[in-house]
$ cat model-v5.pdb   # PDB, C-alpha atoms and all ligand atoms
ATOM      1  CA  MET P 394      23.039   3.741  10.883
ATOM      2  CA  LYS P 395      23.781   2.931   7.237
ATOM      3  CA  LEU P 396      20.707   2.510   5.057
ATOM      4  CA  THR P 397      21.951   1.317   1.699
ATOM      5  CA  HIS P 398      19.943  -1.904   1.294
ATOM      6  CA  VAL P 399      16.244  -2.244   2.048
ATOM      7  CA  GLY P 400      14.249  -5.489   1.822
ATOM      8  CA  VAL P 401      10.742  -5.189   0.358
ATOM      9  CA  VAL P 402       8.594  -8.243   1.160
ATOM     10  CA  GLY P 403       5.573  -8.403  -1.160
ATOM     11  CA  ALA P 404       6.002  -6.749  -4.560
ATOM     12  CA  GLY P 405       2.366  -6.067  -5.450
ATOM     13  CA  ASN P 406       0.631  -2.724  -5.759
ATOM     14  CA  ILE P 407       2.350  -1.040  -2.789
ATOM     15  CA  GLY P 408       5.548  -3.103  -2.845
ATOM     16  CA  ALA P 409       6.325  -2.054  -6.436
ATOM     17  CA  GLY P 410       5.758   1.566  -5.361
ATOM     18  CA  VAL P 411       8.126   1.165  -2.402
ATOM     19  CA  VAL P 412      10.817  -0.332  -4.636
ATOM     20  CA  THR P 413      10.367   2.550  -7.105
ATOM     21  CA  ASP P 414      10.826   5.109  -4.355
ATOM     22  CA  LEU P 415      13.927   3.410  -2.936
ATOM     23  CA  VAL P 416      15.597   2.985  -6.305
ATOM     24  CA  LEU P 417      14.812   6.574  -7.308
ATOM     25  CA  HIS P 418      16.588   7.775  -4.156
ATOM     26  CA  GLY P 419      19.712   5.682  -4.710
ATOM     27  CA  ILE P 420      18.876   2.907  -2.237
ATOM     28  CA  ASN P 421      19.275  -0.756  -3.227
ATOM     29  CA  ALA P 422      16.096  -2.814  -2.954
ATOM     30  CA  VAL P 423      15.765  -6.568  -2.432
ATOM     31  CA  ALA P 424      12.208  -7.394  -3.543
ATOM     32  CA  VAL P 425      10.678 -10.691  -2.369
ATOM     33  CA  ASP P 426       7.512 -12.270  -3.722
ATOM     34  CA  LEU P 427       6.049 -15.714  -4.313
ATOM     35  CA  SER P 428       6.925 -16.304  -7.962
ATOM     36  CA  GLU P 429       9.253 -15.187 -10.756
ATOM     37  CA  GLU P 430       6.197 -14.149 -12.736
ATOM     38  CA  ILE P 431       4.957 -11.717 -10.046
ATOM     39  CA  LEU P 432       8.493 -10.366  -9.633
ATOM     40  CA  LYS P 433       8.875  -9.752 -13.380
ATOM     41  CA  LYS P 434       5.555  -7.872 -13.387
ATOM     42  CA  ALA P 435       6.732  -5.796 -10.403
ATOM     43  CA  GLU P 436      10.038  -5.039 -12.142
ATOM     44  CA  ALA P 437       8.186  -3.838 -15.249
ATOM     45  CA  GLU P 438       5.985  -1.605 -13.056
ATOM     46  CA  VAL P 439       9.040  -0.169 -11.254
ATOM     47  CA  LEU P 440      10.856   0.590 -14.509
ATOM     48  CA  LYS P 441       7.705   2.218 -15.941
ATOM     49  CA  ASN P 442       7.288   4.333 -12.778
ATOM     50  CA  ILE P 443      10.918   5.426 -12.993
ATOM     51  CA  ARG P 444      10.604   6.335 -16.684
ATOM     52  CA  PHE P 445       7.579   8.560 -15.989
ATOM     53  CA  ALA P 446       8.605   9.856 -12.533
ATOM     54  CA  ALA P 447       9.906  13.194 -13.821
ATOM     55  CA  LEU P 448       6.607  13.810 -15.632
ATOM     56  CA  PHE P 449       4.632  13.505 -12.412
ATOM     57  CA  SER P 450       7.025  15.194 -10.003
ATOM     58  CA  LYS P 451       9.781  17.730 -10.695
ATOM     59  CA  SER P 452      11.403  17.067  -7.321
ATOM     60  CA  LEU P 453      12.047  13.346  -7.905
ATOM     61  CA  PRO P 454      15.600  12.372  -8.959
ATOM     62  CA  ARG P 455      16.116  11.089 -12.520
ATOM     63  CA  VAL P 456      17.505   7.587 -12.766
ATOM     64  CA  SER P 457      18.394   5.658 -15.916
ATOM     65  CA  ARG P 458      16.919   2.222 -16.620
ATOM     66  CA  GLU P 459      20.402   0.680 -16.282
ATOM     67  CA  ASP P 460      21.075   2.273 -12.878
ATOM     68  CA  ALA P 461      17.601   1.304 -11.691
ATOM     69  CA  SER P 462      18.141  -2.332 -12.700
ATOM     70  CA  LYS P 463      21.515  -2.380 -10.915
ATOM     71  CA  ARG P 464      19.840  -1.258  -7.659
ATOM     72  CA  LEU P 465      17.169  -3.950  -7.804
ATOM     73  CA  VAL P 466      17.396  -7.604  -6.716
ATOM     74  CA  LEU P 467      14.365  -9.858  -7.298
ATOM     75  CA  THR P 468      14.012 -13.026  -5.254
ATOM     76  CA  THR P 469      11.511 -15.622  -4.074
ATOM     77  CA  GLU P 470      13.639 -16.349  -0.968
ATOM     78  CA  LEU P 471      12.716 -14.426   2.172
ATOM     79  CA  LYS P 472      16.120 -15.191   3.672
ATOM     80  CA  ASP P 473      17.693 -12.891   1.064
ATOM     81  CA  VAL P 474      16.567  -9.846   3.089
ATOM     82  CA  ALA P 475      18.648 -11.010   6.074
ATOM     83  CA  SER P 476      21.570  -8.750   5.190
ATOM     84  CA  CYS P 477      19.379  -5.683   4.543
ATOM     85  CA  ASP P 478      19.561  -2.649   6.848
ATOM     86  CA  PHE P 479      15.774  -2.317   6.973
ATOM     87  CA  VAL P 480      12.821  -4.442   5.829
ATOM     88  CA  ILE P 481       9.419  -3.192   4.650
ATOM     89  CA  GLU P 482       6.602  -5.763   4.587
ATOM     90  CA  ASN P 483       3.791  -5.275   2.051
ATOM     91  CA  VAL P 484       2.246  -8.722   1.639
ATOM     92  CA  THR P 485      -1.448  -9.436   1.065
ATOM     93  CA  GLU P 486      -3.838  -7.903   3.622
ATOM     94  CA  ASN P 487      -4.521 -11.236   5.290
ATOM     95  CA  TRP P 488      -3.324 -11.972   8.813
ATOM     96  CA  GLU P 489      -2.635 -15.675   8.171
ATOM     97  CA  ILE P 490      -0.270 -14.695   5.344
ATOM     98  CA  LYS P 491       1.330 -11.815   7.268
ATOM     99  CA  LYS P 492       1.715 -13.959  10.404
ATOM    100  CA  ARG P 493       3.793 -16.554   8.555
ATOM    101  CA  VAL P 494       6.039 -13.810   7.167
ATOM    102  CA  TYR P 495       6.495 -12.160  10.583
ATOM    103  CA  GLU P 496       7.257 -15.480  12.278
ATOM    104  CA  LYS P 497      10.314 -15.662  10.034
ATOM    105  CA  LEU P 498      11.172 -11.947  10.059
ATOM    106  CA  GLU P 499      10.738 -11.291  13.770
ATOM    107  CA  LYS P 500      13.765 -13.397  14.650
ATOM    108  CA  ALA P 501      15.899 -10.626  13.202
ATOM    109  CA  VAL P 502      13.910  -7.393  13.250
ATOM    110  CA  ASN P 503      12.067  -4.888  15.470
ATOM    111  CA  VAL P 504       8.688  -3.880  14.094
ATOM    112  CA  VAL P 505       7.237  -0.441  13.452
ATOM    113  CA  GLY P 506       4.075   0.138  11.418
ATOM    114  CA  ILE P 507       4.241   2.241   8.270
ATOM    115  CA  HIS P 508       1.244   3.203   6.232
ATOM    116  CA  LEU P 509       2.628   4.294   2.875
ATOM    117  CA  MET P 510       0.275   6.075   0.526
ATOM    118  CA  ASN P 511      -0.326   5.048  -3.065
ATOM    119  CA  PRO P 512       1.480   5.801  -5.436
ATOM    120  CA  VAL P 513       4.323   5.614  -2.927
ATOM    121  CA  HIS P 514       6.992   7.551  -4.857
ATOM    122  CA  LEU P 515       4.633  10.503  -5.453
ATOM    123  CA  LYS P 516       3.318  10.905  -1.897
ATOM    124  CA  PRO P 517       5.372  13.145   0.416
ATOM    125  CA  THR P 518       3.810  12.050   3.713
ATOM    126  CA  VAL P 519       3.425   8.714   5.520
ATOM    127  CA  GLU P 520       1.581   7.573   8.611
ATOM    128  CA  VAL P 521       3.874   5.830  11.107
ATOM    129  CA  ILE P 522       2.377   3.576  13.763
ATOM    130  CA  ARG P 523       4.274   3.002  16.973
ATOM    131  CA  GLY P 524       3.461  -0.496  18.240
ATOM    132  CA  PHE P 525       3.405  -1.562  21.902
ATOM    133  CA  HIS P 526       6.927  -3.013  21.671
ATOM    134  CA  THR P 527       8.396  -0.640  19.065
ATOM    135  CA  SER P 528      11.741   0.720  20.257
ATOM    136  CA  ASP P 529      12.815   4.357  19.888
ATOM    137  CA  ARG P 530      15.717   3.029  17.826
ATOM    138  CA  ALA P 531      13.349   1.470  15.278
ATOM    139  CA  VAL P 532      11.415   4.744  14.974
ATOM    140  CA  ASP P 533      14.648   6.756  14.630
ATOM    141  CA  THR P 534      15.921   4.432  11.899
ATOM    142  CA  LEU P 535      12.615   4.761  10.067
ATOM    143  CA  LEU P 536      12.754   8.557  10.262
ATOM    144  CA  GLN P 537      16.295   8.404   8.886
ATOM    145  CA  LEU P 538      15.048   6.327   5.950
ATOM    146  CA  PHE P 539      12.199   8.755   5.299
ATOM    147  CA  SER P 540      14.550  11.716   5.307
ATOM    148  CA  LEU P 541      16.511   9.949   2.508
ATOM    149  CA  LEU P 542      13.201   9.524   0.640
ATOM    150  CA  ASN P 543      12.174  13.170   1.304
ATOM    151  CA  LYS P 544       9.082  12.068   3.166
ATOM    152  CA  GLU P 545       7.473  13.562   6.228
ATOM    153  CA  ALA P 546       6.225  11.113   8.872
ATOM    154  CA  ILE P 547       3.184  11.622  11.067
ATOM    155  CA  ILE P 548       3.517   9.313  14.099
ATOM    156  CA  VAL P 549       0.389   7.851  15.688
ATOM    157  CA  GLU P 550      -0.372   5.089  18.194
ATOM    158  CA  ASP P 551      -1.388   1.541  17.299
ATOM    159  CA  LEU P 552      -5.027   0.491  16.963
ATOM    160  CA  PRO P 553      -6.485  -1.292  13.922
ATOM    161  CA  GLY P 554      -6.807   1.048  10.941
ATOM    162  CA  PHE P 555      -4.715   3.723  12.786
ATOM    163  CA  VAL P 556      -6.100   7.117  11.669
ATOM    164  CA  SER P 557      -6.248   6.903   7.878
ATOM    165  CA  ASN P 558      -7.839   3.486   7.190
ATOM    166  CA  ARG P 559     -10.237   3.698  10.112
ATOM    167  CA  ILE P 560     -11.800   6.827   8.615
ATOM    168  CA  SER P 561     -11.192   6.457   4.862
ATOM    169  CA  HIS P 562     -12.640   2.934   4.699
ATOM    170  CA  LEU P 563     -15.929   4.166   6.150
ATOM    171  CA  PHE P 564     -16.089   6.689   3.282
ATOM    172  CA  MET P 565     -15.279   4.096   0.620
ATOM    173  CA  ASN P 566     -17.631   1.475   2.049
ATOM    174  CA  GLU P 567     -20.544   3.893   2.434
ATOM    175  CA  ALA P 568     -19.964   5.127  -1.136
ATOM    176  CA  ALA P 569     -20.356   1.494  -2.265
ATOM    177  CA  PHE P 570     -23.645   1.255  -0.300
ATOM    178  CA  VAL P 571     -24.850   4.502  -1.945
ATOM    179  CA  LEU P 572     -24.070   2.981  -5.354
ATOM    180  CA  GLN P 573     -25.727  -0.301  -4.385
ATOM    181  CA  ASP P 574     -28.861   1.616  -3.305
ATOM    182  CA  ASN P 575     -28.978   3.359  -6.732
ATOM    183  CA  VAL P 576     -28.783   6.825  -5.190
ATOM    184  CA  ALA P 577     -26.253   7.917  -7.820
ATOM    185  CA  THR P 578     -23.811   6.526 -10.389
ATOM    186  CA  ALA P 579     -20.171   5.897  -9.447
ATOM    187  CA  GLU P 580     -19.194   8.948 -11.540
ATOM    188  CA  LYS P 581     -21.607  11.229  -9.654
ATOM    189  CA  ILE P 582     -20.594   9.921  -6.221
ATOM    190  CA  ASP P 583     -16.930  10.666  -6.979
ATOM    191  CA  LEU P 584     -17.755  14.033  -8.586
ATOM    192  CA  ILE P 585     -19.495  15.204  -5.408
ATOM    193  CA  PHE P 586     -16.342  14.566  -3.388
ATOM    194  CA  LYS P 587     -14.127  16.231  -6.001
ATOM    195  CA  LYS P 588     -16.264  19.255  -6.901
ATOM    196  CA  CYS P 589     -18.065  19.896  -3.609
ATOM    197  CA  PHE P 590     -15.381  18.908  -1.100
ATOM    198  CA  GLY P 591     -12.285  19.646  -3.179
ATOM    199  CA  HIS P 592     -10.877  16.109  -2.758
ATOM    200  CA  LYS P 593      -8.386  15.058  -5.449
ATOM    201  CA  MET P 594     -10.177  11.728  -5.886
ATOM    202  CA  GLY P 595     -13.614  10.421  -4.994
ATOM    203  CA  PRO P 596     -14.060   7.445  -2.592
ATOM    204  CA  LEU P 597     -14.831   4.903  -5.326
ATOM    205  CA  GLU P 598     -11.840   5.986  -7.434
ATOM    206  CA  THR P 599      -9.703   5.734  -4.306
ATOM    207  CA  ALA P 600     -10.974   2.208  -3.635
ATOM    208  CA  ASP P 601     -10.169   1.260  -7.250
ATOM    209  CA  LEU P 602      -6.641   2.655  -6.856
ATOM    210  CA  ILE P 603      -6.022   0.759  -3.598
ATOM    211  CA  GLY P 604      -7.500  -2.474  -5.004
ATOM    212  CA  LEU P 605     -11.018  -3.613  -4.054
ATOM    213  CA  ASP P 606      -9.675  -6.892  -2.605
ATOM    214  CA  THR P 607      -7.405  -4.944  -0.251
ATOM    215  CA  VAL P 608     -10.238  -2.563   0.724
ATOM    216  CA  MET P 609     -12.545  -5.526   1.418
ATOM    217  CA  ARG P 610      -9.925  -7.285   3.552
ATOM    218  CA  SER P 611      -9.106  -4.085   5.464
ATOM    219  CA  LEU P 612     -12.815  -3.598   6.224
ATOM    220  CA  ASP P 613     -12.993  -7.206   7.443
ATOM    221  CA  VAL P 614     -10.024  -6.559   9.766
ATOM    222  CA  LEU P 615     -11.685  -3.406  11.134
ATOM    223  CA  TYR P 616     -14.974  -5.274  11.597
ATOM    224  CA  GLU P 617     -13.321  -8.164  13.419
ATOM    225  CA  SER P 618     -11.101  -5.900  15.518
ATOM    226  CA  PHE P 619     -13.728  -3.473  16.797
ATOM    227  CA  GLN P 620     -16.747  -5.829  16.559
ATOM    228  CA  ASP P 621     -18.590  -2.773  15.287
ATOM    229  CA  PRO P 622     -21.209  -3.189  12.500
ATOM    230  CA  LYS P 623     -20.284   0.168  11.011
ATOM    231  CA  TYR P 624     -17.339  -1.616   9.349
ATOM    232  CA  ARG P 625     -19.422  -4.403   7.701
ATOM    233  CA  CYS P 626     -18.276  -4.698   4.099
ATOM    234  CA  CYS P 627     -20.849  -3.618   1.494
ATOM    235  CA  PRO P 628     -22.173  -6.718  -0.372
ATOM    236  CA  LEU P 629     -21.660  -4.957  -3.731
ATOM    237  CA  LEU P 630     -17.969  -4.419  -2.926
ATOM    238  CA  ARG P 631     -17.564  -8.085  -1.979
ATOM    239  CA  LYS P 632     -19.445  -9.168  -5.110
ATOM    240  CA  LEU P 633     -17.077  -7.151  -7.344
ATOM    241  CA  VAL P 634     -14.045  -8.731  -5.646
ATOM    242  CA  TYR P 635     -15.400 -12.267  -6.081
ATOM    243  CA  ALA P 636     -16.081 -11.456  -9.758
ATOM    244  CA  GLY P 637     -12.412 -10.485 -10.198
ATOM    245  CA  HIS P 638     -13.138  -6.765 -10.596
ATOM    246  CA  LEU P 639     -10.367  -5.471  -8.342
ATOM    247  CA  GLY P 640     -10.100  -1.881  -9.584
ATOM    248  CA  ARG P 641      -7.213  -0.396 -11.551
ATOM    249  CA  LYS P 642      -5.001  -3.451 -11.261
ATOM    250  CA  SER P 643      -7.551  -5.675 -13.060
ATOM    251  CA  GLY P 644      -8.870  -2.965 -15.425
ATOM    252  CA  LYS P 645     -12.324  -2.823 -13.860
ATOM    253  CA  GLY P 646     -13.780  -1.989 -10.466
ATOM    254  CA  PHE P 647     -16.310   0.735  -9.743
ATOM    255  CA  HIS P 648     -14.911   2.394 -12.887
ATOM    256  CA  VAL P 649     -13.311   1.007 -16.064
ATOM    257  CA  TYR P 650      -9.571   1.420 -16.845
ATOM    258  CA  PRO P 651      -8.960   0.500 -20.493
ATOM    259  CA  GLU P 652      -5.180   1.088 -20.188
ATOM    260  CA  ALA P 653      -4.713  -1.665 -17.529
TER     261      ALA P 653
HETATM  262  N1  LIG G   1      -3.000  -0.747  -2.208
HETATM  263  C1  LIG G   1      -2.870   0.337  -1.461
HETATM  264  O1  LIG G   1      -3.211   1.456  -1.884
HETATM  265  C2  LIG G   1      -2.307   0.226  -0.065
HETATM  266  C3  LIG G   1      -2.017   1.405   0.622
HETATM  267  C4  LIG G   1      -1.428   1.334   1.855
HETATM  268  C5  LIG G   1      -1.167   0.105   2.439
HETATM  269  N2  LIG G   1      -1.490  -1.025   1.769
HETATM  270  C6  LIG G   1      -1.182  -2.309   2.427
HETATM  271  O2  LIG G   1      -0.054  -2.880   1.778
HETATM  272  C7  LIG G   1      -0.147  -4.306   1.839
HETATM  273  C8  LIG G   1      -0.088  -4.877   0.426
HETATM  274  O3  LIG G   1      -1.180  -4.343  -0.316
HETATM  275  P1  LIG G   1      -1.169  -4.337  -1.918
HETATM  276  O4  LIG G   1      -2.265  -3.442  -2.338
HETATM  277  O5  LIG G   1       0.214  -4.088  -2.409
HETATM  278  O6  LIG G   1      -1.604  -5.862  -2.194
HETATM  279  P2  LIG G   1      -1.289  -6.752  -3.495
HETATM  280  O7  LIG G   1      -2.260  -7.846  -3.441
HETATM  281  O8  LIG G   1      -1.229  -5.873  -4.699
HETATM  282  O9  LIG G   1       0.203  -7.291  -3.222
HETATM  283  C9  LIG G   1       0.513  -8.205  -2.195
HETATM  284  C10 LIG G   1       1.724  -9.020  -2.667
HETATM  285  O10 LIG G   1       2.190  -9.843  -1.578
HETATM  286  C11 LIG G   1       2.652 -11.048  -2.163
HETATM  287  N3  LIG G   1       2.770 -12.077  -1.130
HETATM  288  C12 LIG G   1       1.807 -12.816  -0.545
HETATM  289  N4  LIG G   1       2.354 -13.663   0.349
HETATM  290  C13 LIG G   1       3.692 -13.455   0.330
HETATM  291  C14 LIG G   1       4.796 -14.019   1.034
HETATM  292  N5  LIG G   1       4.624 -14.966   1.945
HETATM  293  N6  LIG G   1       6.035 -13.571   0.746
HETATM  294  C15 LIG G   1       6.232 -12.582  -0.185
HETATM  295  N7  LIG G   1       5.222 -12.014  -0.873
HETATM  296  C16 LIG G   1       3.971 -12.448  -0.621
HETATM  297  C17 LIG G   1       1.594 -11.353  -3.217
HETATM  298  O11 LIG G   1       2.046 -12.307  -4.157
HETATM  299  C18 LIG G   1       1.392  -9.967  -3.827
HETATM  300  O12 LIG G   1       2.268  -9.723  -4.916
HETATM  301  C19 LIG G   1      -1.477  -4.640   2.553
HETATM  302  O13 LIG G   1      -1.221  -4.838   3.916
HETATM  303  C20 LIG G   1      -2.288  -3.361   2.348
HETATM  304  O14 LIG G   1      -3.261  -3.151   3.346
HETATM  305  C21 LIG G   1      -2.022  -0.999   0.519
END
$ encode --input "model-v5.pdb" --output "C-alpha cells"
Amino acid sequence: MKLTHVGVVGAGNIGAGVVTDLVLHGINAVAVDLSEEILKKAEAEVLKNIRFAALFSKSLPRVSREDASKRLVLTTELKDVASCDFVIENVTENWEIKKRVYEKLEKAVNVVGIHLMNPVHLKPTVEVIRGFHTSDRAVDTLLQLFSLLNKEAIIVEDLPGFVSNRISHLFMNEAAFVLQDNVATAEKIDLIFKKCFGHKMGPLETADLIGLDTVMRSLDVLYESFQDPKYRCCPLLRKLVYAGHLGRKSGKGFHVYPEA
C-alpha cells in the first residue's frame, strides 16, 4: 500500500512530534487542529525540531526548512484528511473530544491503537495496541509505516493504559504523593530514579514532559476504567493543572523550564 500522505489529527505536544517524524522521513503530513493559532505554533515546533534533529540523533535524515514546509499542510478541516493513506489521531486526552473525532473518522477508517513516545522523532520504539475489531490489514499497514519511520513496534492487546501507561502512571502519581507528603523535593525524587535505578528521567520530569494535564486525564481514565483506587489522581497533581502549571509546555510543573 502506498503511504505518501498521513493525516495527523491534533497538533499539540505529540501531534507536532508525529508531524516532525513524518516530514523528516519524506512523508507528507496533513495536520488538523482547532485554530490557525495552534497550527502556527505546531508548525514552529516542527521546524525547530527539524533544525535540531541532527544534533540529537545522527541516524535521522536531514531536511531543509523549505522541503519540510512543502511536505506540511495545516488545516482546521477534518475532512482534509479524507484523501490520506493513513490517519493518526492525537487529540486531547478526553473521551468526549475523541469520541466526536472518531464519529467522523470511523466512516472511512479502521482503527488500531498506537502509543507513540515523546519526543516522537527521537524514540525508536512504539507500543501498538490491537483493538477488538482491528483487522490484520490495519496492523500490517501500520507496520509498513513504522518501517518507513525506522521504528520498531511492540504489539500488545487492548485494555485501558495498555502496558506503558498502566504502569508508568502509577510511578508518576505516587511520586506526586511523595512530594505532597514532603518526603523529598522534586529534584531528589527524580535523582533517586536516575542515579539509583539508572532511568534516563525521573517520574516527575517525565510527567512534566508529557504534560501534567494529560497525565491527570490519563489517570482519571484508568481510575474510571478499572474502578481501582490505586489510580486516584494525587490532589497536588490536580492542583498544579488547575493552576495552569502543565509542565514543560507551560514553563512550570514539578520543575521550572525557563526556556519555555
Ligand atoms: N504528551 C505525551 O507525552 C503523550 C505520549 C503518548 C501519548 N499521548 C497521547 O496523545 C494524545 C494527545 O496528547 P498531547 O500531549 O499531544 O495533548 P495536547 O493537549 O498537547 O494536544 C492535543 C491537541 O488536540 C487538539 N484538539 C482538540 N480537539 C480537537 C479536534 N476536535 N480536532 C483536532 N484537534 C483537536 C488540541 O487543540 C491540542 O492542540 C492524548 O491522547 C495523549 O494521551 C501523549
$ resolve_selection --input "model-v5.pdb" --expression "the PyMOL selection byres (((chain P and resi 627) around 12) and not hetatm)" --output "PyMOL selection string"
chain P and resi 562-574+605+608-610+612-613+616+622-626+628-634
$ closest_residue --input "model-v5.pdb" --among "P:Leu467, P:Leu542, P:Val504, P:Val556" --to "Val416 (chain P)" --atoms "all atoms listed in the file"
P:Leu542
$ resolve_selection --input "model-v5.pdb" --expression "the PyMOL selection byres (((chain P and resi 555) around 10) and not hetatm)" --output "list in words"
Gly506, His508, Glu520, Val521, Ile522, Arg523, Val549, Glu550, Asp551, Leu552, Pro553, Gly554, Val556, Ser557, Asn558, Arg559 and Ile560 of chain P
$ residues_near_ligand --input "model-v5.pdb" --ligand "ligand LIG 1 (chain G)" --cutoff "6 Å" --atoms "only C-alpha atoms and all ligand atoms" --output "list in words"
Val402, Gly403, Ala404, Gly405, Asn406, Ile407, Gly408, Val425, Asp426, Leu427, Asn483, Val484, Thr485, Glu486, Ile490, Val494, His508, Leu509, Met510, Asn511, Ile603, Gly604 and Thr607 of chain P
$ atom_distance --input "model-v5.pdb" --atom1 "CA of Glu545 (chain P)" --atom2 "CA of His514 (chain P)"
12.6 Å
$ atom_distance --input "model-v5.pdb" --atom1 "CA of Thr578 (chain P)" --atom2 "CA of Pro512 (chain P)"
25.8 Å
$ closest_residue --input "model-v5.pdb" --among "P:Val519, P:Gly640, P:Leu471, P:Thr397" --to "Glu496 (chain P)" --atoms "only C-alpha atoms"
P:Leu471
$ closest_residue --input "model-v5.pdb" --among "P:Leu498, P:Glu459, P:Trp488, P:Asn442" --to "Glu617 (chain P)" --atoms "only C-alpha atoms"
P:Trp488
$ residues_around --input "model-v5.pdb" --residues "Arg455 (chain P)" --least-positions-apart "6" --cutoff "12 Å" --atoms "only C-alpha atoms" --output "list in words"
Thr413, Asp414, Val416, Leu417, His418, Gly419, Leu440, Asn442, Ile443, Arg444, Phe445, Ala446, Ala447, Leu448, Phe449 and Ala461 of chain P
$ build_atoms --input "model-v5.pdb" --residues "region 474-481 of chain P" --atoms "all heavy atoms" --output "CSV table (one decimal), in the frame of the given file"
chain,number,residue,atom,x,y,z
P,474,VAL,N,16.6,-11.2,2.5
P,474,VAL,CA,16.6,-9.8,3.1
P,474,VAL,C,17.4,-9.8,4.4
P,474,VAL,O,17.5,-8.7,5.0
P,474,VAL,CB,15.1,-9.4,3.4
P,474,VAL,CG1,14.3,-9.3,2.1
P,474,VAL,CG2,14.4,-10.2,4.5
P,475,ALA,N,18.0,-10.9,4.8
P,475,ALA,CA,18.6,-11.0,6.1
P,475,ALA,C,19.8,-10.0,6.2
P,475,ALA,O,20.0,-9.4,7.3
P,475,ALA,CB,19.2,-12.4,6.3
P,476,SER,N,20.4,-9.7,5.1
P,476,SER,CA,21.6,-8.8,5.2
P,476,SER,C,21.1,-7.3,5.0
P,476,SER,O,22.0,-6.4,4.9
P,476,SER,CB,22.6,-9.1,4.2
P,476,SER,OG,22.1,-9.1,2.9
P,477,CYS,N,19.8,-7.1,4.8
P,477,CYS,CA,19.4,-5.7,4.5
P,477,CYS,C,19.4,-4.9,5.8
P,477,CYS,O,19.3,-5.4,6.9
P,477,CYS,CB,18.0,-5.7,4.0
P,477,CYS,SG,17.9,-6.3,2.3
P,478,ASP,N,19.5,-3.5,5.7
P,478,ASP,CA,19.6,-2.6,6.8
P,478,ASP,C,18.2,-2.4,7.4
P,478,ASP,O,18.0,-2.0,8.6
P,478,ASP,CB,20.2,-1.3,6.4
P,478,ASP,CG,21.5,-1.5,5.7
P,478,ASP,OD1,22.3,-2.2,6.3
P,478,ASP,OD2,21.7,-0.9,4.6
P,479,PHE,N,17.2,-2.6,6.6
P,479,PHE,CA,15.8,-2.3,7.0
P,479,PHE,C,14.9,-3.2,6.1
P,479,PHE,O,15.2,-3.5,4.9
P,479,PHE,CB,15.5,-0.8,6.7
P,479,PHE,CG,14.4,-0.3,7.5
P,479,PHE,CD1,14.5,0.3,8.7
P,479,PHE,CD2,13.1,-0.3,6.9
P,479,PHE,CE1,13.5,0.8,9.5
P,479,PHE,CE2,12.0,0.3,7.7
P,479,PHE,CZ,12.2,0.8,8.9
P,480,VAL,N,13.7,-3.6,6.6
P,480,VAL,CA,12.8,-4.4,5.8
P,480,VAL,C,11.4,-3.8,5.9
P,480,VAL,O,10.9,-3.5,7.0
P,480,VAL,CB,12.8,-5.9,6.4
P,480,VAL,CG1,11.8,-6.7,5.6
P,480,VAL,CG2,14.2,-6.5,6.4
P,481,ILE,N,10.8,-3.7,4.7
P,481,ILE,CA,9.4,-3.2,4.6
P,481,ILE,C,8.5,-4.3,4.1
P,481,ILE,O,8.7,-4.8,3.1
P,481,ILE,CB,9.3,-2.0,3.7
P,481,ILE,CG1,10.3,-0.9,4.2
P,481,ILE,CG2,7.9,-1.4,3.6
P,481,ILE,CD1,10.3,0.4,3.4
